[in-house]
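Participant: Just one file: run36.pdb, with PDB, C-alpha atoms, pLDDT in the B column.
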```
MODEL        1
ATOM      1  CA  MET A   1      15.859  -1.966  12.234  1.00 64.00           C
ATOM      2  CA  LYS A   2      14.617   1.560  11.973  1.00 92.00           C
ATOM      3  CA  THR A   3      11.782   3.323  10.181  1.00 96.00           C
ATOM      4  CA  ALA A   4      10.423   2.014   6.882  1.00 98.00           C
ATOM      5  CA  ILE A   5       7.840   3.289   4.429  1.00 98.00           C
ATOM      6  CA  PHE A   6       5.247   1.276   2.523  1.00 98.00           C
ATOM      7  CA  ALA A   7       3.659   3.575  -0.031  1.00 97.00           C
ATOM      8  CA  GLY A   8       0.907   2.885  -2.516  1.00 95.00           C
ATOM      9  CA  THR A   9      -2.354   4.095  -3.925  1.00 95.00           C
ATOM     10  CA  PHE A  10      -4.340   1.567  -1.844  1.00 96.00           C
ATOM     11  CA  ASP A  11      -7.473   2.015  -3.950  1.00 96.00           C
ATOM     12  CA  PRO A  12      -8.860   0.028  -2.239  1.00 95.00           C
ATOM     13  CA  PRO A  13      -6.715  -1.607   0.452  1.00 96.00           C
ATOM     14  CA  THR A  14      -6.586  -5.375  -0.121  1.00 95.00           C
ATOM     15  CA  TYR A  15      -5.632  -8.422   1.886  1.00 95.00           C
ATOM     16  CA  GLY A  16      -2.393  -8.382  -0.149  1.00 93.00           C
ATOM     17  CA  HIS A  17      -1.606  -4.888   1.166  1.00 96.00           C
ATOM     18  CA  MET A  18      -2.471  -5.983   4.688  1.00 96.00           C
ATOM     19  CA  ASN A  19      -0.184  -9.008   4.338  1.00 96.00           C
ATOM     20  CA  ILE A  20       2.770  -6.759   3.474  1.00 96.00           C
ATOM     21  CA  ILE A  21       1.901  -4.311   6.285  1.00 98.00           C
ATOM     22  CA  GLU A  22       1.618  -7.102   8.880  1.00 97.00           C
ATOM     23  CA  ARG A  23       4.940  -8.603   7.885  1.00 97.00           C
ATOM     24  CA  ALA A  24       6.813  -5.298   7.554  1.00 98.00           C
ATOM     25  CA  LYS A  25       5.597  -4.003  10.927  1.00 98.00           C
ATOM     26  CA  ASN A  26       7.246  -7.048  12.516  1.00 97.00           C
ATOM     27  CA  ILE A  27      10.578  -6.300  10.831  1.00 96.00           C
ATOM     28  CA  PHE A  28      10.859  -2.558  11.403  1.00 97.00           C
ATOM     29  CA  GLU A  29      10.551  -0.489  14.578  1.00 97.00           C
ATOM     30  CA  GLU A  30       8.197   1.912  12.817  1.00 98.00           C
ATOM     31  CA  LEU A  31       6.282   1.510   9.567  1.00 98.00           C
ATOM     32  CA  HIS A  32       4.749   4.439   7.741  1.00 98.00           C
ATOM     33  CA  VAL A  33       1.958   3.389   5.400  1.00 98.00           C
ATOM     34  CA  VAL A  34       1.705   6.240   2.922  1.00 98.00           C
ATOM     35  CA  VAL A  35      -1.299   6.850   0.703  1.00 98.00           C
ATOM     36  CA  ALA A  36       0.473   8.236  -2.336  1.00 93.00           C
ATOM     37  CA  LEU A  37      -1.484  10.674  -4.455  1.00 90.00           C
ATOM     38  CA  ASN A  38      -1.178   9.711  -8.093  1.00 80.00           C
ATOM     39  CA  LYS A  39      -2.816  12.252 -10.365  1.00 78.00           C
ATOM     40  CA  GLY A  40      -2.526   9.771 -13.250  1.00 76.00           C
ATOM     41  CA  LYS A  41      -4.872   7.263 -11.634  1.00 81.00           C
ATOM     42  CA  ASN A  42      -8.644   7.437 -11.581  1.00 85.00           C
ATOM     43  CA  CYS A  43      -9.382   6.361  -8.013  1.00 92.00           C
ATOM     44  CA  MET A  44     -12.614   4.942  -6.650  1.00 94.00           C
ATOM     45  CA  PHE A  45     -11.950   6.479  -3.231  1.00 96.00           C
ATOM     46  CA  THR A  46     -10.592   9.860  -2.241  1.00 95.00           C
ATOM     47  CA  SER A  47      -7.222  10.008  -0.536  1.00 95.00           C
ATOM     48  CA  ASP A  48      -8.966  10.860   2.740  1.00 97.00           C
ATOM     49  CA  GLU A  49     -11.224   7.805   2.417  1.00 97.00           C
ATOM     50  CA  ARG A  50      -8.241   5.547   1.744  1.00 97.00           C
ATOM     51  CA  LEU A  51      -6.391   7.120   4.666  1.00 98.00           C
ATOM     52  CA  ASP A  52      -9.363   6.488   6.941  1.00 98.00           C
ATOM     53  CA  MET A  53      -9.706   2.842   5.857  1.00 98.00           C
ATOM     54  CA  LEU A  54      -6.000   2.186   6.411  1.00 98.00           C
ATOM     55  CA  GLN A  55      -6.031   3.934   9.791  1.00 98.00           C
ATOM     56  CA  GLN A  56      -8.913   1.733  10.885  1.00 98.00           C
ATOM     57  CA  LEU A  57      -7.274  -1.418   9.498  1.00 98.00           C
ATOM     58  CA  THR A  58      -3.967  -0.731  11.272  1.00 98.00           C
ATOM     59  CA  LYS A  59      -5.118   0.904  14.519  1.00 98.00           C
ATOM     60  CA  GLN A  60      -4.208  -2.154  16.614  1.00 98.00           C
ATOM     61  CA  TRP A  61      -0.508  -1.773  15.746  1.00 98.00           C
ATOM     62  CA  SER A  62       1.234   0.997  17.670  1.00 97.00           C
ATOM     63  CA  ASN A  63       4.260   1.038  15.369  1.00 98.00           C
ATOM     64  CA  VAL A  64       2.221   1.669  12.190  1.00 98.00           C
ATOM     65  CA  LYS A  65       1.464   5.226  11.142  1.00 98.00           C
ATOM     66  CA  VAL A  66      -0.707   6.136   8.153  1.00 98.00           C
ATOM     67  CA  SER A  67      -0.476   9.364   6.189  1.00 97.00           C
ATOM     68  CA  ILE A  68      -1.032  10.966   2.785  1.00 97.00           C
ATOM     69  CA  TRP A  69       1.756  12.313   0.570  1.00 97.00           C
ATOM     70  CA  ASP A  70       1.592  14.118  -2.774  1.00 94.00           C
ATOM     71  CA  LYS A  71       5.284  14.493  -3.594  1.00 94.00           C
ATOM     72  CA  LEU A  72       8.204  12.142  -4.220  1.00 95.00           C
ATOM     73  CA  ILE A  73       8.261   9.289  -1.715  1.00 96.00           C
ATOM     74  CA  VAL A  74      11.996   9.809  -1.140  1.00 97.00           C
ATOM     75  CA  ASP A  75      11.135  13.315   0.089  1.00 97.00           C
ATOM     76  CA  TYR A  76       8.716  11.779   2.593  1.00 97.00           C
ATOM     77  CA  ALA A  77      11.459   9.370   3.655  1.00 97.00           C
ATOM     78  CA  LYS A  78      13.873  12.238   4.218  1.00 96.00           C
ATOM     79  CA  LYS A  79      11.216  14.119   6.198  1.00 95.00           C
ATOM     80  CA  CYS A  80      10.732  11.248   8.652  1.00 94.00           C
ATOM     81  CA  ASP A  81      14.355  10.042   8.540  1.00 94.00           C
ATOM     82  CA  ALA A  82      13.428   6.681   7.013  1.00 96.00           C
ATOM     83  CA  LYS A  83      16.120   4.796   5.128  1.00 96.00           C
ATOM     84  CA  ILE A  84      13.993   1.933   3.787  1.00 98.00           C
ATOM     85  CA  LEU A  85      11.183   1.756   1.250  1.00 98.00           C
ATOM     86  CA  VAL A  86       9.149  -1.454   1.391  1.00 98.00           C
ATOM     87  CA  ARG A  87       7.625  -2.708  -1.835  1.00 97.00           C
ATOM     88  CA  GLY A  88       5.335  -5.691  -2.186  1.00 94.00           C
ATOM     89  CA  VAL A  89       5.667  -7.865  -5.269  1.00 93.00           C
ATOM     90  CA  ARG A  90       3.255 -10.512  -6.538  1.00 86.00           C
ATOM     91  CA  ASN A  91       4.885 -11.652  -9.749  1.00 84.00           C
ATOM     92  CA  ILE A  92       7.639 -10.959 -12.253  1.00 85.00           C
ATOM     93  CA  SER A  93       5.698  -8.078 -13.826  1.00 85.00           C
ATOM     94  CA  ASP A  94       5.426  -6.372 -10.435  1.00 85.00           C
ATOM     95  CA  PHE A  95       9.107  -7.003  -9.812  1.00 90.00           C
ATOM     96  CA  SER A  96      10.114  -5.483 -13.141  1.00 91.00           C
ATOM     97  CA  TYR A  97       8.088  -2.315 -12.471  1.00 91.00           C
ATOM     98  CA  GLU A  98       9.207  -2.088  -8.829  1.00 92.00           C
ATOM     99  CA  PHE A  99      12.847  -2.702  -9.758  1.00 93.00           C
ATOM    100  CA  ASP A 100      12.782   0.242 -12.193  1.00 94.00           C
ATOM    101  CA  LEU A 101      11.128   2.390  -9.517  1.00 93.00           C
ATOM    102  CA  ALA A 102      13.764   1.337  -6.968  1.00 94.00           C
ATOM    103  CA  LEU A 103      16.536   2.356  -9.355  1.00 95.00           C
ATOM    104  CA  MET A 104      14.902   5.729  -9.916  1.00 96.00           C
ATOM    105  CA  ASN A 105      14.488   6.284  -6.166  1.00 95.00           C
ATOM    106  CA  ARG A 106      18.102   5.247  -5.625  1.00 95.00           C
ATOM    107  CA  GLY A 107      19.143   7.869  -8.154  1.00 96.00           C
ATOM    108  CA  LEU A 108      17.155  10.487  -6.223  1.00 96.00           C
ATOM    109  CA  ALA A 109      18.388   9.448  -2.774  1.00 96.00           C
ATOM    110  CA  VAL A 110      21.413   7.143  -2.532  1.00 96.00           C
ATOM    111  CA  ASP A 111      20.992   6.676   1.223  1.00 96.00           C
ATOM    112  CA  ILE A 112      17.501   5.157   0.923  1.00 96.00           C
ATOM    113  CA  GLU A 113      17.239   1.438   0.165  1.00 97.00           C
ATOM    114  CA  THR A 114      14.304  -0.487  -1.306  1.00 97.00           C
ATOM    115  CA  VAL A 115      13.351  -3.839   0.202  1.00 97.00           C
ATOM    116  CA  PHE A 116      11.078  -6.181  -1.747  1.00 96.00           C
ATOM    117  CA  ILE A 117       8.663  -8.416   0.142  1.00 96.00           C
ATOM    118  CA  PRO A 118       6.909 -11.063  -1.924  1.00 92.00           C
ATOM    119  CA  THR A 119       3.229 -11.277  -1.137  1.00 89.00           C
ATOM    120  CA  ASP A 120       1.998 -14.452   0.504  1.00 88.00           C
ATOM    121  CA  PRO A 121       1.127 -16.884  -2.348  1.00 82.00           C
ATOM    122  CA  LYS A 122      -2.578 -16.821  -1.525  1.00 82.00           C
ATOM    123  CA  TYR A 123      -2.620 -13.115  -2.468  1.00 78.00           C
ATOM    124  CA  PHE A 124      -0.694 -13.367  -5.762  1.00 72.00           C
ATOM    125  CA  ILE A 125      -3.743 -12.647  -7.898  1.00 73.00           C
ATOM    126  CA  LEU A 126      -4.961  -9.654  -5.917  1.00 70.00           C
ATOM    127  CA  SER A 127      -4.634  -6.217  -7.432  1.00 83.00           C
ATOM    128  CA  SER A 128      -6.738  -3.221  -6.524  1.00 87.00           C
ATOM    129  CA  SER A 129      -7.540  -2.655 -10.203  1.00 87.00           C
ATOM    130  CA  SER A 130      -8.851  -6.180 -10.797  1.00 88.00           C
ATOM    131  CA  ILE A 131     -10.786  -6.103  -7.511  1.00 90.00           C
ATOM    132  CA  LYS A 132     -12.504  -2.851  -8.523  1.00 90.00           C
ATOM    133  CA  GLU A 133     -13.333  -4.267 -11.936  1.00 90.00           C
ATOM    134  CA  LEU A 134     -14.719  -7.467 -10.430  1.00 90.00           C
ATOM    135  CA  ALA A 135     -16.843  -5.460  -7.991  1.00 92.00           C
ATOM    136  CA  LEU A 136     -18.153  -3.236 -10.796  1.00 90.00           C
ATOM    137  CA  PHE A 137     -19.490  -6.356 -12.510  1.00 92.00           C
ATOM    138  CA  GLY A 138     -21.107  -7.611  -9.309  1.00 91.00           C
ATOM    139  CA  GLY A 139     -18.455 -10.214  -8.497  1.00 92.00           C
ATOM    140  CA  ASP A 140     -17.752 -11.374  -4.963  1.00 93.00           C
ATOM    141  CA  ILE A 141     -14.652  -9.659  -3.556  1.00 93.00           C
ATOM    142  CA  SER A 142     -15.201 -10.724   0.057  1.00 93.00           C
ATOM    143  CA  THR A 143     -12.140 -13.003   0.054  1.00 91.00           C
ATOM    144  CA  MET A 144      -9.934 -10.261  -1.390  1.00 92.00           C
ATOM    145  CA  VAL A 145     -10.523  -7.296   0.900  1.00 95.00           C
ATOM    146  CA  PRO A 146     -11.111  -6.818   4.631  1.00 96.00           C
ATOM    147  CA  PRO A 147     -14.785  -6.497   5.706  1.00 96.00           C
ATOM    148  CA  LEU A 148     -14.434  -2.737   6.249  1.00 96.00           C
ATOM    149  CA  VAL A 149     -13.236  -2.293   2.664  1.00 96.00           C
ATOM    150  CA  LEU A 150     -15.955  -4.591   1.313  1.00 95.00           C
ATOM    151  CA  GLU A 151     -18.533  -2.419   3.062  1.00 96.00           C
ATOM    152  CA  GLN A 152     -17.042   0.770   1.578  1.00 95.00           C
ATOM    153  CA  VAL A 153     -16.834  -0.679  -1.946  1.00 95.00           C
ATOM    154  CA  SER A 154     -20.430  -1.928  -1.699  1.00 92.00           C
ATOM    155  CA  LYS A 155     -21.591   1.525  -0.578  1.00 93.00           C
ATOM    156  CA  ARG A 156     -19.660   3.231  -3.331  1.00 92.00           C
ATOM    157  CA  LEU A 157     -21.089   0.941  -6.004  1.00 89.00           C
ATOM    158  CA  GLN A 158     -24.495   0.763  -4.288  1.00 83.00           C
ATOM    159  CA  LEU A 159     -24.457  -3.031  -4.264  1.00 60.00           C
TER
ENDMDL
END
```
What does the file become when written as structure tokens?
Facilitator:
Amino acid sequence: MKTAIFAGTFDPPTYGHMNIIERAKNIFEELHVVVALNKGKNCMFTSDERLDMLQQLTKQWSNVKVSIWDKLIVDYAKKCDAKILVRGVRNISDFSYEFDLALMNRGLAVDIETVFIPTDPKYFILSSSSIKELALFGGDISTMVPPLVLEQVSKRLQL
């Protein structure tokens, strides 16, 4: 199969994100991991910091490219001639949100399909928001994020 896109805020990147990336890169010839800029979210890390973390976390895979995008993801897909958007889902709430998003994207670009990949069960409870909140209260997030991300979160929160 061809080029696919896995977009998200990735604030911060989690083992759940990495699980989807690892699995998707084995399915598609090329996987673009896109740090999507969402002006409605209050992020812990800048887009450049998230880009850097993801580039470091994926550098061993030659078919994974990481970039930043601040427009509609279907426009990014058109730009790189990708026909597939990959979305990770953890639970029914995620699926409901992602399904609505897939329908909207389909309305914007009928030639781009959305593929849902359920996260490995051991990552069902991981969300970047809950990880940030746990870290803010001094909780241990070492089993939820890669060591590089743990280091960056600890620096940011001065733990």
Participant: Just how far from CA of Pro13 in chain A is CA of Pro118 in chain A, in Å to one decimal?
Facilitator: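 Spanning CA of Pro118 in chain A to CA of Pro13 in chain A is a straight-line distance of 16.8 Å.
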Participant: What lies within 12 Å of Ser127 in chain A using all atoms listed in the file, ignoring chain neighbours under 4 positions off, as number ranges by chain?
Facilitator: A: 8-17, 88-91, 94, 119, 123, 131-134, 141, 144-145
Participant: Return as lines of an AutoDock Vina configuration file the box centre and box size in Å, one decimal, for an axis-aligned box around all listed atoms of range 103-121 of chain A padded by 4 Å per side.
Facilitator:
```
center_x = 11.3
center_y = -3.2
center_z = -4.3
size_x = 28.3
size_y = 35.4
size_z = 19.1
```
Participant: Separation of CA of Tyr97 in chain A and CA of Thr143 in chain A, in Å?
Facilitator: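 Between CA of Tyr97 in chain A and CA of Thr143 in chain A the gap is 26.1 Å.
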Participant: Nearest to Gln56 in chain A among A:Ala36, A:Met18, A:Ile5, A:Ile117, with distances taken over all atoms listed in the file: which residue is it?
Facilitator: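 Using all atoms listed in the file, the shortest distance to Gln56 in chain A belongs to A:Met18.
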Participant: The PyMOL selection byres ((chain A and resi 57) around 10) - which residues does that actually catch in the file I just gave you? List them as a compact mmCIF listing (two decimals) with C-alpha atoms, in the frame of the given file.
Facilitator:
```txt
# COMPACT_ATOMS: atom_id res chain seq x y z
CA PRO A 13 -6.72 -1.61 0.45
CA MET A 18 -2.47 -5.98 4.69
CA LEU A 51 -6.39 7.12 4.67
CA ASP A 52 -9.36 6.49 6.94
CA MET A 53 -9.71 2.84 5.86
CA LEU A 54 -6.00 2.19 6.41
CA GLN A 55 -6.03 3.93 9.79
CA GLN A 56 -8.91 1.73 10.88
CA THR A 58 -3.97 -0.73 11.27
CA LYS A 59 -5.12 0.90 14.52
CA GLN A 60 -4.21 -2.15 16.61
CA TRP A 61 -0.51 -1.77 15.75
CA PRO A 146 -11.11 -6.82 4.63
CA PRO A 147 -14.78 -6.50 5.71
CA LEU A 148 -14.43 -2.74 6.25
CA VAL A 149 -13.24 -2.29 2.66
```
